[in-house]
Structures are given as C-alpha cells and as structure tokens.
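Chemist: File query.cif below, mmCIF, C-alpha atoms and all ligand atoms; chains and numbers go by the auth columns:
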```cif
data_run
loop_
_atom_site.group_PDB
_atom_site.id
_atom_site.type_symbol
_atom_site.label_atom_id
_atom_site.label_comp_id
_atom_site.label_asym_id
_atom_site.label_seq_id
_atom_site.Cartn_x
_atom_site.Cartn_y
_atom_site.Cartn_z
_atom_site.B_iso_or_equiv
_atom_site.auth_seq_id
_atom_site.auth_asym_id
ATOM 1 C CA MET A 1 -2.224 22.324 21.133 0.00 684 A
ATOM 2 C CA ILE A 2 1.419 21.822 20.103 0.00 685 A
ATOM 3 C CA ILE A 3 3.295 20.049 22.875 0.00 686 A
ATOM 4 C CA HIS A 4 6.634 19.199 21.222 0.00 687 A
ATOM 5 C CA LYS A 5 8.624 19.538 18.049 0.00 688 A
ATOM 6 C CA CYS A 6 10.543 16.560 16.682 0.00 689 A
ATOM 7 C CA TYR A 7 13.934 17.769 15.527 0.00 690 A
ATOM 8 C CA ILE A 8 14.529 14.694 13.408 0.00 691 A
ATOM 9 C CA CYS A 9 11.491 14.947 11.130 0.00 692 A
ATOM 10 C CA GLY A 10 10.670 18.583 11.905 0.00 693 A
ATOM 11 C CA MET A 11 7.015 17.891 12.693 0.00 694 A
ATOM 12 C CA ASP A 12 5.076 19.670 15.414 0.00 695 A
ATOM 13 C CA ILE A 13 3.456 17.141 17.708 0.00 696 A
ATOM 14 C CA HIS A 14 -0.064 18.106 18.748 0.00 697 A
ATOM 15 C CA THR A 15 -2.018 16.458 21.535 0.00 698 A
ATOM 16 C CA LYS A 16 -4.298 14.975 18.857 0.00 699 A
ATOM 17 C CA SER A 17 -1.377 13.296 17.029 0.00 700 A
ATOM 18 C CA ILE A 18 -0.011 11.389 20.044 0.00 701 A
ATOM 19 C CA GLY A 19 -1.698 8.102 19.109 0.00 702 A
ATOM 20 C CA LEU A 20 -0.762 8.046 15.406 0.00 703 A
ATOM 21 C CA ASN A 21 1.083 5.019 13.968 0.00 704 A
ATOM 22 C CA ALA A 22 0.928 3.244 17.331 0.00 705 A
ATOM 23 C CA SER A 23 1.195 -0.213 15.769 0.00 706 A
ATOM 24 C CA THR A 24 4.789 0.527 14.728 0.00 707 A
ATOM 25 C CA MET A 25 5.929 1.071 18.319 0.00 708 A
ATOM 26 C CA LEU A 26 6.791 -1.505 20.975 0.00 709 A
ATOM 27 C CA GLU A 27 5.720 0.877 23.739 0.00 710 A
ATOM 28 C CA LYS A 28 2.736 3.041 22.919 0.00 711 A
ATOM 29 C CA ASN A 29 2.463 6.764 23.480 0.00 712 A
ATOM 30 C CA SER A 30 -0.091 8.083 25.913 0.00 713 A
ATOM 31 C CA THR A 31 -1.080 11.560 27.034 0.00 714 A
ATOM 32 C CA ASN A 32 1.045 11.021 30.151 0.00 715 A
ATOM 33 C CA ALA A 33 4.052 9.593 28.349 0.00 716 A
ATOM 34 C CA LEU A 34 5.059 10.680 24.877 0.00 717 A
ATOM 35 C CA LEU A 35 7.761 8.089 24.194 0.00 718 A
ATOM 36 C CA ASN A 36 8.240 8.316 20.426 0.00 719 A
ATOM 37 C CA CYS A 37 7.568 10.767 17.651 0.00 720 A
ATOM 38 C CA PRO A 38 4.234 9.670 16.144 0.00 721 A
ATOM 39 C CA PHE A 39 5.438 10.706 12.667 0.00 722 A
ATOM 40 C CA CYS A 40 8.923 9.222 12.338 0.00 723 A
ATOM 41 C CA GLY A 41 9.119 6.958 15.392 0.00 724 A
ATOM 42 C CA VAL A 42 12.336 8.318 16.953 0.00 725 A
ATOM 43 C CA SER A 43 12.688 8.339 20.722 0.00 726 A
ATOM 44 C CA ASN A 44 11.610 11.386 22.716 0.00 727 A
ATOM 45 C CA GLN A 45 15.241 12.231 23.483 0.00 728 A
ATOM 46 C CA PHE A 46 15.306 13.847 20.035 0.00 729 A
ATOM 47 C CA PHE A 47 12.554 16.293 20.844 0.00 730 A
ATOM 48 C CA THR A 48 15.139 18.588 22.378 0.00 731 A
ATOM 49 C CA VAL A 49 18.610 17.228 21.750 0.00 732 A
ATOM 50 C CA LEU A 50 19.269 18.827 18.358 0.00 733 A
ATOM 51 C CA ASP A 51 18.821 22.426 19.234 0.00 734 A
ATOM 52 C CA ASP A 52 18.684 23.866 15.761 0.00 735 A
ATOM 53 C CA ASP A 53 17.218 22.925 12.486 0.00 736 A
ATOM 54 C CA LEU A 54 18.576 20.203 10.236 0.00 737 A
ATOM 55 C CA GLU A 55 17.884 22.256 7.149 0.00 738 A
ATOM 56 C CA GLY A 56 20.695 24.004 5.318 0.00 739 A
ATOM 57 C CA LEU A 57 23.342 21.394 6.166 0.00 740 A
ATOM 58 C CA VAL A 58 23.676 20.365 2.531 0.00 741 A
ATOM 59 C CA MET A 59 26.562 22.744 1.875 0.00 742 A
ATOM 60 C CA GLU A 60 28.594 21.162 4.647 0.00 743 A
ATOM 61 C CA LEU A 61 28.014 17.573 3.588 0.00 744 A
ATOM 62 C CA SER A 62 30.858 15.740 1.888 0.00 745 A
ATOM 63 C CA LEU A 63 30.162 14.245 -1.543 0.00 746 A
ATOM 64 C CA GLU A 64 30.333 10.791 -0.020 0.00 747 A
ATOM 65 C CA ALA A 65 27.839 11.715 2.696 0.00 748 A
ATOM 66 C CA LYS A 66 25.487 13.191 0.105 0.00 749 A
ATOM 67 C CA SER A 67 25.609 10.057 -1.979 0.00 750 A
ATOM 68 C CA ILE A 68 24.927 7.894 1.104 0.00 751 A
ATOM 69 C CA ILE A 69 21.903 10.054 1.955 0.00 752 A
ATOM 70 C CA GLU A 70 20.622 9.713 -1.624 0.00 753 A
ATOM 71 C CA LYS A 71 20.816 5.935 -1.160 0.00 754 A
ATOM 72 C CA ALA A 72 18.993 6.289 2.164 0.00 755 A
ATOM 73 C CA VAL A 73 16.148 8.146 0.405 0.00 756 A
ATOM 74 C CA LYS A 74 15.844 5.270 -2.074 0.00 757 A
ATOM 75 C CA LEU A 75 15.962 2.623 0.630 0.00 758 A
ATOM 76 C CA GLU A 76 13.199 4.301 2.645 0.00 759 A
ATOM 77 C CA VAL A 77 10.983 4.988 -0.395 0.00 760 A
ATOM 78 C CA PHE A 78 11.478 1.380 -1.514 0.00 761 A
ATOM 79 C CA ASN A 79 10.448 0.070 1.908 0.00 762 A
ATOM 80 C CA SER A 80 7.543 2.487 2.171 0.00 763 A
ATOM 81 C CA THR A 81 6.088 1.338 -1.145 0.00 764 A
ATOM 82 C CA PHE A 82 6.629 -2.285 -0.131 0.00 765 A
ATOM 83 C CA TYR A 83 4.632 -1.747 3.073 0.00 766 A
ATOM 84 C CA GLU A 84 1.879 0.057 1.245 0.00 767 A
ATOM 85 C CA GLU A 85 1.521 -2.791 -1.223 0.00 768 A
ATOM 86 C CA ALA A 86 1.801 -5.386 1.563 0.00 769 A
ATOM 87 C CA SER A 87 -0.938 -3.677 3.579 0.00 770 A
ATOM 88 C CA GLU A 88 -3.312 -4.257 0.680 0.00 771 A
ATOM 89 C CA ARG A 89 -2.319 -7.861 0.098 0.00 772 A
ATOM 90 C CA VAL A 90 -2.357 -9.450 3.567 0.00 773 A
ATOM 91 C CA ASP A 91 -5.440 -11.092 5.075 0.00 774 A
ATOM 92 C CA CYS A 92 -4.768 -10.294 8.723 0.00 775 A
ATOM 93 C CA LYS A 93 -6.363 -6.941 9.580 0.00 776 A
ATOM 94 C CA ILE A 94 -3.936 -6.133 12.404 0.00 777 A
ATOM 95 C CA LEU A 95 -1.006 -6.770 10.074 0.00 778 A
ATOM 96 C CA SER A 96 -2.578 -4.667 7.361 0.00 779 A
ATOM 97 C CA VAL A 97 -2.861 -1.681 9.743 0.00 780 A
ATOM 98 C CA THR A 98 0.724 -2.187 10.944 0.00 781 A
ATOM 99 C CA PHE A 99 2.016 -2.297 7.363 0.00 782 A
ATOM 100 C CA LYS A 100 0.043 0.805 6.434 0.00 783 A
ATOM 101 C CA GLU A 101 1.486 2.698 9.407 0.00 784 A
ATOM 102 C CA LEU A 102 4.992 1.424 8.701 0.00 785 A
ATOM 103 C CA SER A 103 4.585 2.715 5.170 0.00 786 A
ATOM 104 C CA LYS A 104 3.876 6.199 6.552 0.00 787 A
ATOM 105 C CA ILE A 105 6.807 6.094 8.975 0.00 788 A
ATOM 106 C CA GLU A 106 9.278 4.948 6.282 0.00 789 A
ATOM 107 C CA LEU A 107 8.041 7.674 3.942 0.00 790 A
ATOM 108 C CA MET A 108 8.697 10.188 6.704 0.00 791 A
ATOM 109 C CA HIS A 109 12.225 8.769 6.998 0.00 792 A
ATOM 110 C CA ALA A 110 12.703 9.368 3.269 0.00 793 A
ATOM 111 C CA ARG A 111 11.513 12.966 3.770 0.00 794 A
ATOM 112 C CA ILE A 112 13.986 13.444 6.630 0.00 795 A
ATOM 113 C CA HIS A 113 16.827 12.460 4.292 0.00 796 A
ATOM 114 C CA MET A 114 15.429 14.563 1.454 0.00 797 A
ATOM 115 C CA ARG A 115 15.413 17.600 3.717 0.00 798 A
ATOM 116 C CA LEU A 116 19.088 16.993 4.581 0.00 799 A
ATOM 117 C CA ILE A 117 20.115 17.129 0.931 0.00 800 A
ATOM 118 C CA SER A 118 17.453 19.648 -0.191 0.00 801 A
ATOM 119 C CA MET A 119 15.800 17.137 -2.528 0.00 802 A
ATOM 120 C CA ASP A 120 12.312 18.249 -3.587 0.00 803 A
ATOM 121 C CA LYS A 121 10.742 15.160 -5.067 0.00 804 A
ATOM 122 C CA PRO A 122 11.170 11.544 -3.971 0.00 805 A
ATOM 123 C CA PRO A 123 12.555 9.246 -6.678 0.00 806 A
ATOM 124 C CA VAL A 124 10.087 7.043 -8.536 0.00 807 A
ATOM 125 C CA LEU A 125 11.363 3.510 -8.179 0.00 808 A
ATOM 126 C CA HIS A 126 10.715 0.348 -10.105 0.00 809 A
ATOM 127 C CA LYS A 127 7.903 -1.566 -8.396 0.00 810 A
ATOM 128 C CA PRO A 128 8.685 -5.209 -7.773 0.00 811 A
ATOM 129 C CA ASP A 129 6.181 -7.931 -8.545 0.00 812 A
ATOM 130 C CA TYR A 130 4.709 -9.073 -5.225 0.00 813 A
ATOM 131 C CA SER A 131 2.365 -11.697 -6.653 0.00 814 A
ATOM 132 C CA ASN A 132 4.609 -14.591 -5.627 0.00 815 A
ATOM 133 C CA ARG A 133 4.219 -13.709 -1.933 0.00 816 A
ATOM 134 C CA GLU A 134 1.183 -15.793 -1.220 0.00 817 A
ATOM 135 C CA THR A 135 0.869 -15.737 2.545 0.00 818 A
ATOM 136 C CA ASP A 136 0.859 -13.115 5.276 0.00 819 A
ATOM 137 C CA TYR A 137 3.854 -14.934 6.701 0.00 820 A
ATOM 138 C CA ALA A 138 5.826 -14.348 3.479 0.00 821 A
ATOM 139 C CA PHE A 139 5.200 -10.603 3.828 0.00 822 A
ATOM 140 C CA ILE A 140 6.255 -10.654 7.484 0.00 823 A
ATOM 141 C CA LYS A 141 9.480 -12.438 6.551 0.00 824 A
ATOM 142 C CA GLU A 142 10.178 -9.952 3.778 0.00 825 A
ATOM 143 C CA ALA A 143 9.469 -7.027 6.128 0.00 826 A
ATOM 144 C CA GLU A 144 11.900 -8.518 8.617 0.00 827 A
ATOM 145 C CA ALA A 145 14.589 -8.876 5.934 0.00 828 A
ATOM 146 C CA ARG A 146 14.052 -5.273 4.804 0.00 829 A
ATOM 147 C CA GLU A 147 14.300 -3.954 8.371 0.00 830 A
ATOM 148 C CA LYS A 148 17.507 -5.939 8.953 0.00 831 A
ATOM 149 C CA HIS A 149 18.910 -4.512 5.721 0.00 832 A
ATOM 150 C CA ALA A 150 18.018 -0.969 6.807 0.00 833 A
ATOM 151 C CA ILE A 151 19.669 -1.484 10.221 0.00 834 A
ATOM 152 C CA THR A 152 22.857 -2.704 8.507 0.00 835 A
ATOM 153 C CA PHE A 153 22.733 0.219 6.057 0.00 836 A
ATOM 154 C CA TYR A 154 22.564 2.815 8.846 0.00 837 A
ATOM 155 C CA SER A 155 25.168 1.086 11.044 0.00 838 A
ATOM 156 C CA LYS A 156 27.626 0.703 8.162 0.00 839 A
ATOM 157 C CA ASN A 157 27.224 4.149 6.616 0.00 840 A
ATOM 158 C CA VAL A 158 27.061 6.320 9.727 0.00 841 A
ATOM 159 C CA GLU A 159 30.883 6.105 9.841 0.00 842 A
ATOM 160 C CA ASN A 160 31.197 7.991 6.558 0.00 843 A
ATOM 161 C CA ILE A 161 28.887 10.861 7.416 0.00 844 A
ATOM 162 C CA ASN A 162 30.948 13.967 8.098 0.00 845 A
ATOM 163 C CA ILE A 163 28.445 15.973 10.147 0.00 846 A
ATOM 164 C CA GLU A 164 27.683 15.062 13.743 0.00 847 A
ATOM 165 C CA LYS A 165 24.005 16.101 13.579 0.00 848 A
ATOM 166 C CA VAL A 166 23.446 13.892 10.545 0.00 849 A
ATOM 167 C CA LYS A 167 25.160 10.984 12.299 0.00 850 A
ATOM 168 C CA LYS A 168 22.595 11.453 15.088 0.00 851 A
ATOM 169 C CA VAL A 169 19.795 11.229 12.522 0.00 852 A
ATOM 170 C CA PHE A 170 21.234 7.933 11.223 0.00 853 A
ATOM 171 C CA GLU A 171 21.533 6.558 14.747 0.00 854 A
ATOM 172 C CA ALA A 172 17.997 7.639 15.630 0.00 855 A
ATOM 173 C CA LEU A 173 16.562 6.016 12.498 0.00 856 A
ATOM 174 C CA ARG A 174 18.581 2.833 13.013 0.00 857 A
ATOM 175 C CA LYS A 175 16.890 2.474 16.406 0.00 858 A
ATOM 176 C CA VAL A 176 13.462 2.973 14.845 0.00 859 A
ATOM 177 C CA GLU A 177 14.210 0.246 12.271 0.00 860 A
ATOM 178 C CA SER A 178 15.394 -2.064 15.082 0.00 861 A
ATOM 179 C CA GLU A 179 12.045 -1.591 16.754 0.00 862 A
ATOM 180 C CA HIS A 180 10.252 -2.390 13.491 0.00 863 A
ATOM 181 C CA ASN A 181 12.434 -5.482 13.161 0.00 864 A
ATOM 182 C CA SER A 182 11.481 -6.637 16.678 0.00 865 A
ATOM 183 C CA ILE A 183 7.805 -6.146 15.907 0.00 866 A
ATOM 184 C CA MET A 184 8.142 -8.134 12.684 0.00 867 A
ATOM 185 C CA SER A 185 10.309 -10.916 14.106 0.00 868 A
ATOM 186 C CA THR A 186 8.455 -11.438 17.367 0.00 869 A
ATOM 187 C CA LYS A 187 5.000 -9.895 17.452 0.00 870 A
ATOM 188 C CA ALA A 188 3.503 -9.713 13.976 0.00 871 A
ATOM 189 C CA PHE A 189 2.874 -13.406 13.392 0.00 872 A
ATOM 190 C CA GLU A 190 1.678 -13.908 16.939 0.00 873 A
ATOM 191 C CA LEU A 191 -0.868 -11.070 16.649 0.00 874 A
ATOM 192 C CA CYS A 192 -2.345 -12.577 13.507 0.00 875 A
ATOM 193 C CA GLN A 193 -2.502 -16.027 15.047 0.00 876 A
ATOM 194 C CA VAL A 194 -4.441 -14.535 17.947 0.00 877 A
ATOM 195 C CA GLN A 195 -6.748 -12.823 15.488 0.00 878 A
ATOM 196 C CA ASN A 196 -7.271 -16.062 13.532 0.00 879 A
ATOM 197 C CA GLN A 197 -7.949 -17.948 16.736 0.00 880 A
ATOM 198 C CA ASN A 198 -10.587 -15.400 17.733 0.00 881 A
ATOM 199 C CA ILE A 199 -12.218 -15.653 14.310 0.00 882 A
ATOM 200 C CA ASN A 200 -12.211 -19.464 14.549 0.00 883 A
ATOM 201 C CA GLU A 201 -13.723 -19.365 18.021 0.00 884 A
ATOM 202 C CA LEU A 202 -16.322 -16.883 16.870 0.00 885 A
ATOM 203 C CA SER A 203 -17.303 -18.999 13.890 0.00 886 A
ATOM 204 C CA THR A 204 -17.489 -22.089 16.128 0.00 887 A
ATOM 205 C CA GLU A 205 -19.787 -20.184 18.463 0.00 888 A
ATOM 206 C CA ILE A 206 -21.939 -18.967 15.596 0.00 889 A
ATOM 207 C CA GLY A 207 -21.817 -22.490 14.183 0.00 890 A
HETATM 208 ZN ZN ZN B . 9.737 12.827 14.183 0.00 1 B
#
```
Represent the supplied structure as structure tokens.
Ligand SMILES: [Zn+2]

Modeler:
Amino acid sequence: MIIHKCYICGMDIHTKSIGLNASTMLEKNSTNALLNCPFCGVSNQFFTVLDDDLEGLVMELSLEAKSIIEKAVKLEVFNSTFYEEASERVDCKILSVTFKELSKIELMHARIHMRLISMDKPPVLHKPDYSNRETDYAFIKEAEAREKHAITFYSKNVENINIEKVKKVFEALRKVESEHNSIMSTKAFELCQVQNQNINELSTEIG
C-alpha cells in the first residue's frame, strides 16, 4: 500500500519500505511515525510541501545553477562510491551496514539532482585508492570529512540557485547530510566499540 510520496526524490513510500536504510537516521521510522523518507532521508515535511513535480525545471535554471547541480551530482556519486567501497572494507558489521545504506541514500541524492537537470546517466568518476585506510576508524573519519564537505557545499551554493523549489531541495539535503555527520561523529565509533566489547565478552565466555 502506498502511504506517501516524497516530493524530493519522487519515490512512492509503501508500508513495506518504511524501515529501509534505518541506520542512516538518528530517529527511526515506525509504522506509527514516518519521520524521514526511507529512500533519500529528507524529513517528512517534504512529503507534501512541494505540491508539484520537480521535473521540467531545467529550462528555468540559470547556467550557474545548472553548473552547481552538475557539481552536486558528482559530489553525491563520489560519496556514494566511497561508502560502497568502505562498506566492504570495514570489520565492524554495524558500520558496514550503515555505510552500505549511506551509499544508497547518497546515490538517491545524485538521482534527485540528475532529475533536476534532466541528466540520464550518472558520471563515471575516478576511483580513489582506499588501501591506505587501514582501520574502521579511518573510514569513519573520512566519512565525517565528506559529510562536512557536503554540508558546506549545500550551504554555500544554495545562494546561487535561482529557483525556490530547488533551493528547498538543497536545504532538505543539507539537513540529511548533517544527520549523517552526527551519526559519523558521535555514534559510529561507539556502536562498533559496543560490538567489539560484546564479541570480546562472548569469546571470554566461550573461552
Ligand atoms: Zn525521498
């Protein structure tokens, strides 16, 4: 059953999708309270606030705005591929799931921007060498730096977007990245320490 439509990413939210990507959210969705879009992470205020579609705005965008949105596509694809790679390289299972889900959310953000400028295919970007990140902590720190960069990007560039609806998209996504940043800077390391502690206790018990 479709219960809402997210006007930022355009996805229909079904009752069965409520719990998707929960690790990327500070407050989790439940059947009684749908707080965030499970696909792009924006707050539920955007389920109704933009009353018509974001498609077809490309003709009204200034050249500067278009070029900013192209950069936003790259930034989100770059972060999505980072998270995908990171999810495969970290030891902590909880962190791996969080990274995998963040990868999906950031890819959805790239799609949101692509839709705004009618771009069909995401750009293929140069893949950095991640082999020098040796610990889970190094990946958490990098994730934090990337989220901070994204927040700055949206805050700085929203000023030069000439369409109000697109400004709202930037503001909505900036908030999502702030939430990701909080998870990375406060919760991620803690969660893995708890997991490690449990494993240690378990192995002590087993002997
Ligand atoms: Zn959404």

Chemist: Please tabulate, as a Markdown table, the residues of chain A that come within 6 Å of ligand ZN 1 (chain B), each with its closest pair of atoms and the distance in Å to one decimal, counting only C-alpha atoms and all ligand atoms and ordering rows by chain, then residue number upward.

Modeler:
```
| residue | atom | partner | partner_atom | distance |
| --- | --- | --- | --- | --- |
| A:Cys689 | CA | B:ZN1 | ZN | 4.6 |
| A:Ile691 | CA | B:ZN1 | ZN | 5.2 |
| A:Cys692 | CA | B:ZN1 | ZN | 4.1 |
| A:Met694 | CA | B:ZN1 | ZN | 5.9 |
| A:Cys720 | CA | B:ZN1 | ZN | 4.6 |
| A:Phe722 | CA | B:ZN1 | ZN | 5.0 |
| A:Cys723 | CA | B:ZN1 | ZN | 4.1 |
| A:Val725 | CA | B:ZN1 | ZN | 5.9 |
```

Chemist: Go through the shown structure with the PyMOL selection byres (((chain A and resi 799) around 7) and not hetatm) and write out the matching residues as a list of chain:residue names.

Modeler: A:Leu737, A:Glu738, A:Leu740, A:Val741, A:Ile795, A:His796, A:Met797, A:Arg798, A:Ile800, A:Ser801

Chemist: I'd like the contact shell of Leu778 of chain A - 12 Å cut-off, only C-alpha atoms, skipping same-chain residues fewer than 6 positions apart - returned as a ChimeraX atom specification.

Modeler: /A:706-707,766-767,769-772,784-785,818-820,822-823,826,866-867,870-879

Chemist: Pick the closest to Arg794 of chain A from A:Glu842, A:Glu860, A:Glu753, A:Glu710: which is it, counting all atoms listed in the file?

Modeler: A:Glu753

Chemist: Using Å and a single decimal, report how far atom CA of Ser745 of chain A sits from atom CA of Ser726 of chain A.

Modeler: 27.2 Å

Chemist: Considering only C-alpha atoms, can you say which of A:Val760, A:Ala748, A:Val859, A:Ile686 comes closest to Val841 of chain A?

Modeler: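 For Val841 of chain A, the nearest of the given residues is A:Ala748.
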
Chemist: From the options A:Leu746, A:Val756, A:Val773, A:Leu790, which residue's atoms come nearest to Ala821 of chain A, counting all atoms listed in the file?

Modeler: A:Val773

Chemist: For the structure shown, which residues end up in the PyMOL selection byres (((chain A and resi 855-858) around 8) and not hetatm)? Put them as a list in words, please?

Modeler: Val725, Ser726, His792, Ala833, Ile834, Tyr837, Ser838, Lys851, Val852, Phe853, Glu854, Val859, Glu860, Ser861 and Glu862 of chain A

Chemist: Looking at all atoms listed in the file, which of A:Thr698, A:Ser786, A:Thr714, A:Asn864 is the one that sits closest to His832 of chain A?

Modeler: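 Checking each candidate against His832 of chain A, we get A:Asn864 as the closest.
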
Chemist: Counting all atoms listed in the file, which residue out of A:Lys711, A:Lys754, A:Val807, A:Pro721 sits closest to Ile696 of chain A?

Modeler: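 Among the listed residues, A:Pro721 lies closest to Ile696 of chain A.
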
Chemist: Provide the atom CA of Thr731 of chain A to atom CA of Leu717 of chain A distance in Å, to one decimal place.

Modeler: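 Here the two named atoms are 13.1 Å from each other.
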
Chemist: Step by step, gather every atom of segment 792-797 of chain A that the file lists, find the box along x, y and z that holds them, add 5 Å on each side, and finally give centre and edge lengths in Å to one decimal, as AutoDock Vina command-line options.

Modeler:
```
--center_x 14.2 --center_y 11.7 --center_z 4.2 --size_x 15.3 --size_y 15.8 --size_z 15.5
```

Chemist: Kindly indicate which residue among A:Ser750, A:Met742, A:Arg816, A:Gly724 lies nearest to Glu768 of chain A, using only C-alpha atoms for the distances.

Modeler: A:Arg816

Chemist: Counting all atoms listed in the file, what is within 9 Å of Glu747 of chain A, bar same-chain residues fewer than 3 positions away, as JSON, numbers by chain?

Modeler: {"A": [744, 750, 751, 752, 843, 844, 845]}
